[in-house]
>>> print(open('entry.pdb').read())   # PDB, C-alpha atoms
MODEL        1
ATOM      1  CA  PRO A  16     -23.673  51.750  87.117
ATOM      2  CA  ASN A  17     -25.143  54.655  89.061
ATOM      3  CA  GLU A  18     -27.281  52.366  91.197
ATOM      4  CA  ILE A  19     -27.123  51.714  94.930
ATOM      5  CA  ASN A  20     -29.675  51.159  97.674
ATOM      6  CA  PRO A  21     -28.536  53.306 100.591
ATOM      7  CA  PRO A  22     -30.393  53.719 103.876
ATOM      8  CA  PRO A  23     -32.750  56.725 103.916
ATOM      9  CA  ALA A  24     -30.280  58.823 105.885
ATOM     10  CA  ILE A  25     -27.586  58.483 103.194
ATOM     11  CA  SER A  26     -27.516  60.499  99.989
ATOM     12  CA  VAL A  27     -25.356  59.148  97.158
ATOM     13  CA  VAL A  28     -23.937  61.512  94.533
ATOM     14  CA  PHE A  29     -22.190  60.192  91.422
ATOM     15  CA  ARG A  30     -19.858  61.876  88.927
ATOM     16  CA  HIS A  31     -18.447  64.309  91.460
ATOM     17  CA  LYS A  32     -14.772  64.655  92.366
ATOM     18  CA  PHE A  33     -13.296  65.930  95.598
ATOM     19  CA  GLU A  34     -11.447  69.166  94.852
ATOM     20  CA  SER A  35     -10.515  70.728  98.177
ATOM     21  CA  MET A  36     -11.443  71.261 101.812
ATOM     22  CA  THR A  37     -10.969  74.244 104.068
ATOM     23  CA  SER A  38      -9.850  73.949 107.676
ATOM     24  CA  ASP A  39     -13.353  74.936 108.828
ATOM     25  CA  GLY A  40     -14.920  72.002 106.941
ATOM     26  CA  ARG A  41     -16.155  73.396 103.625
ATOM     27  CA  VAL A  42     -15.664  70.911 100.782
ATOM     28  CA  THR A  43     -15.565  71.788  97.084
ATOM     29  CA  LEU A  44     -16.716  69.097  94.659
ATOM     30  CA  GLN A  45     -16.364  69.175  90.884
ATOM     31  CA  GLY A  46     -19.421  67.785  89.119
ATOM     32  CA  PRO A  47     -20.731  67.650  85.552
ATOM     33  CA  ASP A  48     -22.501  70.973  86.053
ATOM     34  CA  GLY A  49     -19.575  72.723  87.689
ATOM     35  CA  LYS A  50     -18.357  73.158  91.232
ATOM     36  CA  ARG A  51     -20.466  72.933  94.344
ATOM     37  CA  VAL A  52     -19.583  73.640  97.968
ATOM     38  CA  THR A  53     -20.915  71.522 100.794
ATOM     39  CA  GLU A  54     -20.293  71.451 104.549
ATOM     40  CA  PRO A  55     -20.229  67.826 105.776
ATOM     41  CA  SER A  56     -19.650  67.140 109.450
ATOM     42  CA  VAL A  57     -16.957  64.565 108.592
ATOM     43  CA  VAL A  58     -14.915  63.740 105.485
ATOM     44  CA  ILE A  59     -13.608  60.176 105.201
ATOM     45  CA  GLY A  60     -11.081  59.775 102.423
ATOM     46  CA  ALA A  61     -11.161  56.269 100.948
ATOM     47  CA  ASP A  62     -10.020  57.436  97.527
ATOM     48  CA  GLY A  63      -7.080  55.137  96.904
ATOM     49  CA  ALA A  64      -3.315  55.256  96.613
ATOM     50  CA  PHE A  65      -3.315  58.610  94.806
ATOM     51  CA  SER A  66      -5.742  60.131  97.319
ATOM     52  CA  LYS A  67      -6.656  63.765  96.859
ATOM     53  CA  VAL A  68      -8.113  63.828 100.367
ATOM     54  CA  ARG A  69      -4.697  62.782 101.698
ATOM     55  CA  ASP A  70      -3.116  65.679  99.793
ATOM     56  CA  GLN A  71      -5.553  67.995 101.554
ATOM     57  CA  LEU A  72      -4.765  66.438 104.938
ATOM     58  CA  GLY A  73      -1.141  67.384 104.366
ATOM     59  CA  ARG A  74      -2.177  71.044 104.357
ATOM     60  CA  PHE A  75      -3.695  70.759 107.825
ATOM     61  CA  VAL A  76      -1.198  68.599 109.739
ATOM     62  CA  ARG A  77       2.495  67.711 109.689
ATOM     63  CA  LEU A  78       1.897  64.670 107.513
ATOM     64  CA  ASP A  79       4.681  62.115 107.226
ATOM     65  CA  TYR A  80       4.115  60.578 103.807
ATOM     66  CA  GLN A  81       6.000  58.109 101.655
ATOM     67  CA  ARG A  82       5.047  56.599  98.297
ATOM     68  CA  SER A  83       7.513  53.976  97.116
ATOM     69  CA  TYR A  84       7.706  52.025  93.870
ATOM     70  CA  ILE A  85       9.559  48.726  93.655
ATOM     71  CA  GLU A  86      11.831  47.904  90.731
ATOM     72  CA  SER A  87       9.463  45.237  89.437
ATOM     73  CA  GLY A  88       6.309  45.623  87.387
ATOM     74  CA  TYR A  89       3.826  43.041  86.197
ATOM     75  CA  LYS A  90       2.049  41.672  83.136
ATOM     76  CA  GLU A  91      -1.285  39.869  83.340
ATOM     77  CA  LEU A  92      -1.613  36.727  81.217
ATOM     78  CA  THR A  93      -4.284  34.038  80.835
ATOM     79  CA  ILE A  94      -4.412  30.263  81.155
ATOM     80  CA  PRO A  95      -7.788  29.360  79.591
ATOM     81  CA  PRO A  96      -9.977  26.351  80.417
ATOM     82  CA  THR A  97      -9.183  23.057  78.731
ATOM     83  CA  LYS A  98     -11.079  22.002  75.609
ATOM     84  CA  ALA A  99     -13.385  20.063  77.953
ATOM     85  CA  GLY A 100     -14.164  23.307  79.790
ATOM     86  CA  GLU A 101     -12.251  22.315  82.927
ATOM     87  CA  TYR A 102      -9.427  23.892  84.905
ATOM     88  CA  ALA A 103      -6.046  23.225  83.339
ATOM     89  CA  MET A 104      -4.324  22.947  86.752
ATOM     90  CA  ASP A 105      -5.145  22.152  90.370
ATOM     91  CA  ILE A 106      -7.370  24.904  91.771
ATOM     92  CA  HIS A 107      -6.577  24.083  95.406
ATOM     93  CA  ALA A 108      -3.093  25.547  95.216
ATOM     94  CA  LEU A 109      -1.235  28.784  94.694
ATOM     95  CA  HIS A 110       0.865  28.137  91.595
ATOM     96  CA  ILE A 111       4.260  29.858  91.808
ATOM     97  CA  TRP A 112       7.204  29.606  89.432
ATOM     98  CA  PRO A 113       9.998  31.292  91.476
ATOM     99  CA  ARG A 114      13.029  32.385  89.480
ATOM    100  CA  GLY A 115      15.161  34.492  91.835
ATOM    101  CA  ASP A 116      14.505  38.109  90.917
ATOM    102  CA  PHE A 117      11.267  37.377  89.049
ATOM    103  CA  MET A 118       8.360  34.935  89.182
ATOM    104  CA  LEU A 119       5.141  33.800  87.546
ATOM    105  CA  ILE A 120       2.021  33.051  89.592
ATOM    106  CA  ALA A 121      -1.426  31.750  88.615
ATOM    107  CA  LEU A 122      -4.745  32.015  90.467
ATOM    108  CA  PRO A 123      -8.015  30.321  89.452
ATOM    109  CA  ASN A 124     -11.136  32.162  88.295
ATOM    110  CA  GLU A 125     -14.773  31.056  88.453
ATOM    111  CA  ASP A 126     -14.939  30.497  84.674
ATOM    112  CA  CYS A 127     -12.289  27.714  84.892
ATOM    113  CA  SER A 128      -9.512  29.970  83.622
ATOM    114  CA  PHE A 129      -6.447  31.152  85.542
ATOM    115  CA  THR A 130      -5.120  34.675  85.743
ATOM    116  CA  ALA A 131      -1.347  34.363  85.467
ATOM    117  CA  THR A 132       0.859  37.281  86.431
ATOM    118  CA  LEU A 133       4.494  37.728  85.516
ATOM    119  CA  PHE A 134       6.332  39.870  88.097
ATOM    120  CA  ALA A 135       9.795  40.978  86.980
ATOM    121  CA  PRO A 136      12.110  44.002  86.896
ATOM    122  CA  PHE A 137      10.963  46.582  84.372
ATOM    123  CA  ALA A 138      14.234  46.181  82.473
ATOM    124  CA  SER A 139      13.503  42.482  81.960
ATOM    125  CA  LEU A 140       9.899  43.083  80.878
ATOM    126  CA  ASP A 141      10.854  45.908  78.529
ATOM    127  CA  ALA A 142      13.600  43.791  76.945
ATOM    128  CA  LEU A 143      11.021  41.383  75.487
ATOM    129  CA  THR A 144      10.192  43.341  72.351
ATOM    130  CA  SER A 145       9.174  40.643  69.890
ATOM    131  CA  PRO A 146       7.011  37.510  69.940
ATOM    132  CA  GLN A 147      10.054  35.286  69.407
ATOM    133  CA  GLU A 148      11.989  36.883  72.294
ATOM    134  CA  LEU A 149       8.965  36.330  74.525
ATOM    135  CA  LYS A 150       8.607  32.684  73.505
ATOM    136  CA  ASP A 151      12.325  32.078  73.981
ATOM    137  CA  PHE A 152      12.124  33.609  77.452
ATOM    138  CA  PHE A 153       9.253  31.361  78.489
ATOM    139  CA  THR A 154      10.866  28.307  76.901
ATOM    140  CA  ARG A 155      13.986  28.901  79.002
ATOM    141  CA  TRP A 156      12.398  29.879  82.309
ATOM    142  CA  PHE A 157       8.930  28.281  82.225
ATOM    143  CA  PRO A 158       9.261  25.152  80.081
ATOM    144  CA  ASP A 159       6.020  23.632  81.398
ATOM    145  CA  ILE A 160       4.150  26.700  80.132
ATOM    146  CA  ALA A 161       5.937  26.490  76.783
ATOM    147  CA  ALA A 162       5.379  22.736  76.373
ATOM    148  CA  ASN A 163       3.313  21.473  73.427
ATOM    149  CA  ASP A 164       3.498  24.794  71.612
ATOM    150  CA  PHE A 165       2.298  26.791  74.632
ATOM    151  CA  ALA A 166      -0.807  24.669  75.113
ATOM    152  CA  LEU A 167      -1.345  26.001  78.649
ATOM    153  CA  MET A 168      -1.074  29.627  77.543
ATOM    154  CA  PRO A 169      -2.074  29.828  73.867
ATOM    155  CA  THR A 170      -2.688  33.596  73.932
ATOM    156  CA  LEU A 171       0.667  34.429  75.578
ATOM    157  CA  VAL A 172       1.890  36.684  72.786
ATOM    158  CA  GLU A 173      -1.414  38.528  72.395
ATOM    159  CA  ASP A 174      -1.819  39.010  76.164
ATOM    160  CA  TYR A 175       1.743  40.157  76.717
ATOM    161  CA  PHE A 176       1.838  42.813  74.036
ATOM    162  CA  ARG A 177      -1.760  43.965  74.553
ATOM    163  CA  ASN A 178      -1.757  44.329  78.339
ATOM    164  CA  PRO A 179       0.084  47.209  80.001
ATOM    165  CA  THR A 180       3.210  46.816  82.102
ATOM    166  CA  SER A 181       1.935  48.037  85.453
ATOM    167  CA  PRO A 182       3.897  49.393  88.429
ATOM    168  CA  LEU A 183       3.715  48.277  92.074
ATOM    169  CA  LEU A 184       3.720  50.812  94.877
ATOM    170  CA  SER A 185       3.326  51.198  98.621
ATOM    171  CA  VAL A 186       2.025  54.126 100.661
ATOM    172  CA  LYS A 187       2.806  54.976 104.271
ATOM    173  CA  CYS A 188       1.525  58.056 106.037
ATOM    174  CA  SER A 189       0.934  59.376 109.542
ATOM    175  CA  PRO A 190      -1.296  60.681 111.030
ATOM    176  CA  TRP A 191      -4.515  59.667 109.296
ATOM    177  CA  HIS A 192      -6.746  62.395 110.712
ATOM    178  CA  TYR A 193      -7.373  66.084 111.241
ATOM    179  CA  GLN A 194      -9.276  66.912 114.418
ATOM    180  CA  GLY A 195     -12.683  65.205 114.218
ATOM    181  CA  THR A 196     -13.478  66.323 110.670
ATOM    182  CA  LEU A 197     -11.201  64.362 108.326
ATOM    183  CA  LEU A 198      -9.996  60.750 108.324
ATOM    184  CA  LEU A 199      -8.244  58.447 105.852
ATOM    185  CA  LEU A 200      -9.067  54.769 105.330
ATOM    186  CA  GLY A 201      -7.824  51.971 103.083
ATOM    187  CA  ASP A 202      -5.307  52.524 100.296
ATOM    188  CA  ALA A 203      -5.420  56.276 100.868
ATOM    189  CA  SER A 204      -3.502  55.655 104.090
ATOM    190  CA  HIS A 205      -1.688  52.358 103.493
ATOM    191  CA  ALA A 206      -1.560  51.092  99.902
ATOM    192  CA  THR A 207       0.581  47.971  99.655
ATOM    193  CA  VAL A 208       2.026  45.614  97.071
ATOM    194  CA  PRO A 209      -0.183  42.532  96.582
ATOM    195  CA  PHE A 210       2.128  39.762  97.769
ATOM    196  CA  TYR A 211       0.335  39.009 101.015
ATOM    197  CA  GLY A 212      -3.160  39.369  99.554
ATOM    198  CA  GLN A 213      -4.126  41.652 102.434
ATOM    199  CA  GLY A 214      -4.767  45.053 100.872
ATOM    200  CA  MET A 215      -8.561  44.750 100.694
ATOM    201  CA  ASN A 216      -8.732  42.892 104.011
ATOM    202  CA  ALA A 217      -6.831  45.696 105.704
ATOM    203  CA  GLY A 218      -9.271  48.247 104.286
ATOM    204  CA  PHE A 219     -12.251  46.257 105.592
ATOM    205  CA  GLU A 220     -10.557  45.970 108.975
ATOM    206  CA  ASP A 221     -10.032  49.751 109.025
ATOM    207  CA  ALA A 222     -13.788  50.175 108.702
ATOM    208  CA  LEU A 223     -14.521  47.498 111.308
ATOM    209  CA  ARG A 224     -12.086  48.915 113.865
ATOM    210  CA  LEU A 225     -13.397  52.445 113.321
ATOM    211  CA  TYR A 226     -16.953  51.164 113.817
ATOM    212  CA  GLU A 227     -15.910  49.498 117.067
ATOM    213  CA  MET A 228     -14.255  52.651 118.360
ATOM    214  CA  LEU A 229     -17.210  54.841 117.419
ATOM    215  CA  GLY A 230     -19.367  52.517 119.502
ATOM    216  CA  GLU A 231     -17.137  53.203 122.503
ATOM    217  CA  SER A 232     -17.051  57.000 122.308
ATOM    218  CA  SER A 233     -18.872  59.841 120.561
ATOM    219  CA  ASP A 234     -15.853  62.156 120.895
ATOM    220  CA  LEU A 235     -14.744  62.241 117.255
ATOM    221  CA  PRO A 236     -11.433  64.109 117.686
ATOM    222  CA  ALA A 237     -10.352  61.706 120.434
ATOM    223  CA  THR A 238     -11.612  58.661 118.537
ATOM    224  CA  PHE A 239      -9.899  59.644 115.288
ATOM    225  CA  ALA A 240      -6.649  60.310 117.154
ATOM    226  CA  ARG A 241      -6.857  56.957 118.940
ATOM    227  CA  PHE A 242      -7.701  55.171 115.694
ATOM    228  CA  SER A 243      -4.725  56.707 113.893
ATOM    229  CA  THR A 244      -2.337  55.945 116.754
ATOM    230  CA  GLU A 245      -3.404  52.291 116.861
ATOM    231  CA  MET A 246      -3.619  51.562 113.137
ATOM    232  CA  VAL A 247      -0.578  53.355 111.681
ATOM    233  CA  PRO A 248       2.083  50.958 113.061
ATOM    234  CA  SER A 249      -0.074  47.988 112.067
ATOM    235  CA  ARG A 250      -0.329  49.151 108.471
ATOM    236  CA  TYR A 251       3.361  49.993 108.289
ATOM    237  CA  GLY A 252       3.861  46.372 109.316
ATOM    238  CA  LEU A 253       1.584  45.229 106.489
ATOM    239  CA  VAL A 254       3.517  47.211 103.892
ATOM    240  CA  ASP A 255       6.813  45.754 105.134
ATOM    241  CA  ALA A 256       5.440  42.183 105.365
ATOM    242  CA  SER A 257       4.096  42.389 101.808
ATOM    243  CA  LEU A 258       7.481  43.483 100.469
ATOM    244  CA  ASP A 259       9.225  40.719 102.423
ATOM    245  CA  ASN A 260       6.801  38.152 101.051
ATOM    246  CA  TYR A 261       7.662  39.132  97.490
ATOM    247  CA  GLU A 262      11.267  38.148  98.165
ATOM    248  CA  GLU A 263      10.134  34.882  99.748
ATOM    249  CA  MET A 264       7.814  34.001  96.869
ATOM    250  CA  ARG A 265      10.267  34.728  94.055
ATOM    251  CA  SER A 266      13.481  33.428  95.623
ATOM    252  CA  LYS A 267      13.077  31.471  98.863
ATOM    253  CA  THR A 268      10.320  29.003  97.995
ATOM    254  CA  ASN A 269      12.910  26.985  96.042
ATOM    255  CA  SER A 270      15.068  26.623  99.181
ATOM    256  CA  ARG A 271      14.914  23.300 101.031
ATOM    257  CA  LEU A 272      15.868  25.041 104.274
ATOM    258  CA  PHE A 273      13.037  27.516 103.831
ATOM    259  CA  ALA A 274      10.581  24.677 103.153
ATOM    260  CA  LEU A 275      11.846  22.793 106.226
ATOM    261  CA  LYS A 276      11.356  25.841 108.453
ATOM    262  CA  ARG A 277       7.828  26.354 107.173
ATOM    263  CA  ARG A 278       6.984  22.701 107.870
ATOM    264  CA  LEU A 279       8.412  23.058 111.374
ATOM    265  CA  ASP A 280       6.281  26.184 111.789
ATOM    266  CA  TRP A 281       3.094  24.244 111.034
ATOM    267  CA  LEU A 282       4.198  21.285 113.176
ATOM    268  CA  LEU A 283       4.953  23.434 116.219
ATOM    269  CA  GLU A 284       1.631  25.226 115.872
ATOM    270  CA  SER A 285      -0.189  21.876 115.888
ATOM    271  CA  VAL A 286       1.599  20.302 118.881
ATOM    272  CA  LEU A 287       2.108  23.270 121.224
ATOM    273  CA  PRO A 288      -0.685  24.835 123.343
ATOM    274  CA  GLU A 289      -2.928  27.163 121.347
ATOM    275  CA  GLY A 290      -1.394  30.576 120.816
ATOM    276  CA  THR A 291       2.110  29.486 121.847
ATOM    277  CA  TRP A 292       3.418  29.246 118.304
ATOM    278  CA  SER A 293       1.750  30.802 115.264
ATOM    279  CA  PRO A 294       3.141  30.947 111.720
ATOM    280  CA  LEU A 295       3.150  34.441 110.261
ATOM    281  CA  TYR A 296       0.685  33.380 107.552
ATOM    282  CA  THR A 297      -1.784  32.175 110.200
ATOM    283  CA  MET A 298      -1.546  35.402 112.187
ATOM    284  CA  VAL A 299      -1.899  37.576 109.094
ATOM    285  CA  THR A 300      -4.706  35.634 107.408
ATOM    286  CA  PHE A 301      -6.775  34.097 110.181
ATOM    287  CA  SER A 302      -6.560  36.544 113.075
ATOM    288  CA  ARG A 303      -6.906  40.227 113.837
ATOM    289  CA  THR A 304      -3.402  40.417 115.264
ATOM    290  CA  HIS A 305      -1.920  43.725 114.175
ATOM    291  CA  TYR A 306       0.495  43.214 111.308
ATOM    292  CA  HIS A 307       3.502  44.741 113.063
ATOM    293  CA  GLU A 308       2.883  42.546 116.121
ATOM    294  CA  ALA A 309       2.592  39.459 113.904
ATOM    295  CA  LYS A 310       5.881  40.331 112.199
ATOM    296  CA  ALA A 311       7.632  40.805 115.543
ATOM    297  CA  LYS A 312       6.401  37.444 116.857
ATOM    298  CA  ALA A 313       7.372  35.730 113.598
ATOM    299  CA  ARG A 314      10.900  37.181 113.858
ATOM    300  CA  ARG A 315      11.269  35.811 117.398
ATOM    301  CA  GLN A 316      10.035  32.392 116.298
ATOM    302  CA  ASP A 317      12.345  32.424 113.276
ATOM    303  CA  ALA A 318      15.315  33.193 115.526
ATOM    304  CA  ILE A 319      14.381  30.194 117.707
ATOM    305  CA  LEU A 320      14.133  27.924 114.652
ATOM    306  CA  ASN A 321      17.458  29.160 113.276
ATOM    307  CA  ALA A 322      19.153  28.550 116.623
ATOM    308  CA  ALA A 323      17.640  25.064 116.874
ATOM    309  CA  LEU A 324      18.644  24.127 113.334
ATOM    310  CA  SER A 325      22.147  25.506 113.905
ATOM    311  CA  SER A 326      22.470  23.418 117.073
ATOM    312  CA  LEU A 327      21.347  20.330 115.190
ATOM    313  CA  GLY A 328      23.868  21.104 112.494
ATOM    314  CA  VAL A 329      26.700  21.455 115.002
ATOM    315  CA  ALA A 330      25.660  18.222 116.728
ATOM    316  CA  ALA A 331      25.491  16.381 113.408
ATOM    317  CA  ALA A 332      28.901  17.708 112.376
ATOM    318  CA  ALA A 333      30.428  16.695 115.713
ATOM    319  CA  THR A 334      28.960  13.184 115.406
ATOM    320  CA  LEU A 335      30.279  12.847 111.865
ATOM    321  CA  ALA A 336      33.725  14.051 112.913
ATOM    322  CA  THR A 337      33.804  11.529 115.772
ATOM    323  CA  LEU A 338      32.840   8.684 113.450
ATOM    324  CA  LEU A 339      35.479   9.687 110.925
ATOM    325  CA  LEU A 340      38.101   9.950 113.628
ATOM    326  CA  ARG A 341      37.283   6.499 114.954
ATOM    327  CA  SER A 342      37.331   5.094 111.447
ATOM    328  CA  SER A 343      40.773   6.566 110.759
ATOM    329  CA  ARG A 344      42.259   4.894 113.871
ATOM    330  CA  ARG A 345      41.252   1.404 112.831
TER     331      ARG A 345
ENDMDL
END
>>> encode(input="entry.pdb", output="structure tokens")
Amino acid sequence: PNEINPPPAISVVFRHKFESMTSDGRVTLQGPDGKRVTEPSVVIGADGAFSKVRDQLGRFVRLDYQRSYIESGYKELTIPPTKAGEYAMDIHALHIWPRGDFMLIALPNEDCSFTATLFAPFASLDALTSPQELKDFFTRWFPDIAANDFALMPTLVEDYFRNPTSPLLSVKCSPWHYQGTLLLLGDASHATVPFYGQGMNAGFEDALRLYEMLGESSDLPATFARFSTEMVPSRYGLVDASLDNYEEMRSKTNSRLFALKRRLDWLLESVLPEGTWSPLYTMVTFSRTHYHEAKAKARRQDAILNAALSSLGVAAAATLATLLLRSSRR
């Protein structure tokens, strides 16, 4: 709806698209009654992964830009409430069915349903061309979903063939600004795949960090440059962490070693002095640690855990060998 309650100093215009911007700050908008030219003091582009403002920025600066698609797409499916109007599964959990190069996840909604999402290579999704092929696929790979004639997901066939197969992409770019007149925020500068659940949070943090910097200096060119320099490596880290987490979710969560290391992560965080050891999830979700710094710390901690587990393995093997040797001499 075209309704908003802005402060008196803010004018809101709907049904207008950004067309172009000149280097001296004139902006052309396309509206229902044609084009109009305006001269704002600052343009902030928060217009998403396919940002037109970012395209314009590339005409003003040497913009390093990368848009990458992964080989997987996704289908949204539904797990409805039970006949009693209750959730069909535990709502205090992230439900994941990891299957190597694909997975199914389910997240609860307020109406007692779950949104289930099947992430898989496009070739696998496109190969399911009939209702029977789809049911056979779920019966093989997700038997609990298929149980009792698909009682958990009764509209599987309708959802699958009605909903689009959607792509997943990431965006990296640098710098985010031109002088003190143009700046990118959110997905326009760092769109990411959804596997860390941080895309919206990162956009909010962009706004918060910019607000903090503007409170420290009124020099817009210097502030925009500082903002870009600080945030770009952080958001590159987010894009990389999100891609890594897709691999973990679909393939590593079935690993006992992976589960052991995660439990050790939480244990070490609880027993060591605060801040000494922090799981990557904690740093990403519950702190304002920059994403690239969180990834670097998590890599160091993972190396320590791997070395410790390897040492335990060597010690256990040596003990076993000694016992076998002693047994053989009796």
>>> resolve_selection(input="entry.pdb", expression="the PyMOL selection byres ((chain A and resi 297-301) around 9)", output="number ranges by chain")
A: 211-213, 216, 253, 293-296, 302-306, 309-310
>>> closest_residue(input="entry.pdb", among="A:Val58, A:Ala24, A:Ala161, A:Leu282", to="Leu197 of chain A", atoms="all atoms listed in the file")
A:Val58
>>> atom_distance(input="entry.pdb", atom1="atom CA of Val286 of chain A", atom2="atom CA of Ser325 of chain A")
21.8 Å
>>> residues_near_point(input="entry.pdb", point="(8.7, 43.8, 86.0)", cutoff="10 Å", atoms="only C-alpha atoms", output="MDAnalysis selection string")
chainID A and resid 85:90 116:118 133:141 180:183
>>> closest_residue(input="entry.pdb", among="A:Phe176, A:Tyr84, A:Trp191, A:Phe75", to="Arg250 of chain A", atoms="only C-alpha atoms")
A:Trp191
>>> residues_around(input="entry.pdb", residues="Thr170 of chain A", least_positions_apart="5", cutoff="9 Å", atoms="only C-alpha atoms", output="mmCIF file with C-alpha atoms, keeping the file's coordinate frame")
data_model
loop_
_atom_site.group_PDB
_atom_site.id
_atom_site.type_symbol
_atom_site.label_atom_id
_atom_site.label_comp_id
_atom_site.auth_asym_id
_atom_site.auth_seq_id
_atom_site.Cartn_x
_atom_site.Cartn_y
_atom_site.Cartn_z
ATOM 1 C CA LEU A 92 -1.613 36.727 81.217
ATOM 2 C CA THR A 93 -4.284 34.038 80.835
ATOM 3 C CA ILE A 94 -4.412 30.263 81.155
ATOM 4 C CA PRO A 95 -7.788 29.360 79.591
ATOM 5 C CA PHE A 165 2.298 26.791 74.632
ATOM 6 C CA TYR A 175 1.743 40.157 76.717
#
>>> residues_around(input="entry.pdb", residues="Met246 of chain A", least_positions_apart="6", cutoff="12 Å", atoms="all atoms listed in the file", output="PyMOL selection string")
chain A and resi 187-192+199-201+204-205+217-218+220-225+228+238-240+252-253+303-308
>>> closest_residue(input="entry.pdb", among="A:Ala313, A:Ala142, A:Gln147, A:Arg277", to="Thr291 of chain A", atoms="all atoms listed in the file")
A:Ala313
>>> resolve_selection(input="entry.pdb", expression="the PyMOL selection byres ((chain A and resi 63) around 9)", output="VMD selection string")
chain A and resid 60 to 62 64 to 67 200 to 206
>>> decode(input="entry.pdb", residues="segment 204-219 of chain A", atoms="N, CA and C atoms", output="CSV table (one decimal), in the first residue's frame")
chain,number,residue,atom,x,y,z
A,204,SER,N,24.8,-4.1,-2.3
A,204,SER,CA,26.2,-4.2,-2.2
A,204,SER,C,26.7,-5.6,-1.8
A,205,HIS,N,25.8,-6.4,-1.2
A,205,HIS,CA,26.3,-7.7,-0.7
A,205,HIS,C,25.2,-8.7,-0.5
A,206,ALA,N,24.5,-9.0,-1.6
A,206,ALA,CA,23.4,-10.0,-1.6
A,206,ALA,C,24.1,-11.4,-1.3
A,207,THR,N,23.4,-12.2,-0.5
A,207,THR,CA,24.0,-13.5,-0.1
A,207,THR,C,23.0,-14.6,-0.2
A,208,VAL,N,23.5,-15.8,-0.3
A,208,VAL,CA,22.6,-17.0,-0.2
A,208,VAL,C,22.1,-17.1,1.2
A,209,PRO,N,20.9,-17.7,1.5
A,209,PRO,CA,20.2,-17.6,2.8
A,209,PRO,C,20.7,-18.5,3.9
A,210,PHE,N,21.8,-19.2,3.7
A,210,PHE,CA,22.1,-20.3,4.6
A,210,PHE,C,22.7,-20.0,6.0
A,211,TYR,N,22.9,-18.7,6.2
A,211,TYR,CA,23.3,-18.3,7.5
A,211,TYR,C,22.2,-17.4,8.1
A,212,GLY,N,21.1,-17.1,7.4
A,212,GLY,CA,20.0,-16.3,7.9
A,212,GLY,C,20.5,-14.9,8.3
A,213,GLN,N,21.5,-14.3,7.6
A,213,GLN,CA,22.0,-13.1,8.0
A,213,GLN,C,21.8,-11.9,6.9
A,214,GLY,N,21.2,-12.2,5.8
A,214,GLY,CA,21.1,-11.2,4.8
A,214,GLY,C,20.4,-9.9,5.3
A,215,MET,N,19.2,-10.1,5.9
A,215,MET,CA,18.5,-8.9,6.4
A,215,MET,C,19.2,-8.2,7.6
A,216,ASN,N,19.8,-9.1,8.5
A,216,ASN,CA,20.5,-8.5,9.6
A,216,ASN,C,21.7,-7.7,9.1
A,217,ALA,N,22.4,-8.2,8.1
A,217,ALA,CA,23.5,-7.4,7.6
A,217,ALA,C,23.1,-6.1,7.0
A,218,GLY,N,21.9,-6.0,6.4
A,218,GLY,CA,21.4,-4.8,5.8
A,218,GLY,C,21.1,-3.8,7.0
A,219,PHE,N,20.4,-4.3,8.0
A,219,PHE,CA,20.1,-3.5,9.2
A,219,PHE,C,21.4,-2.9,9.8
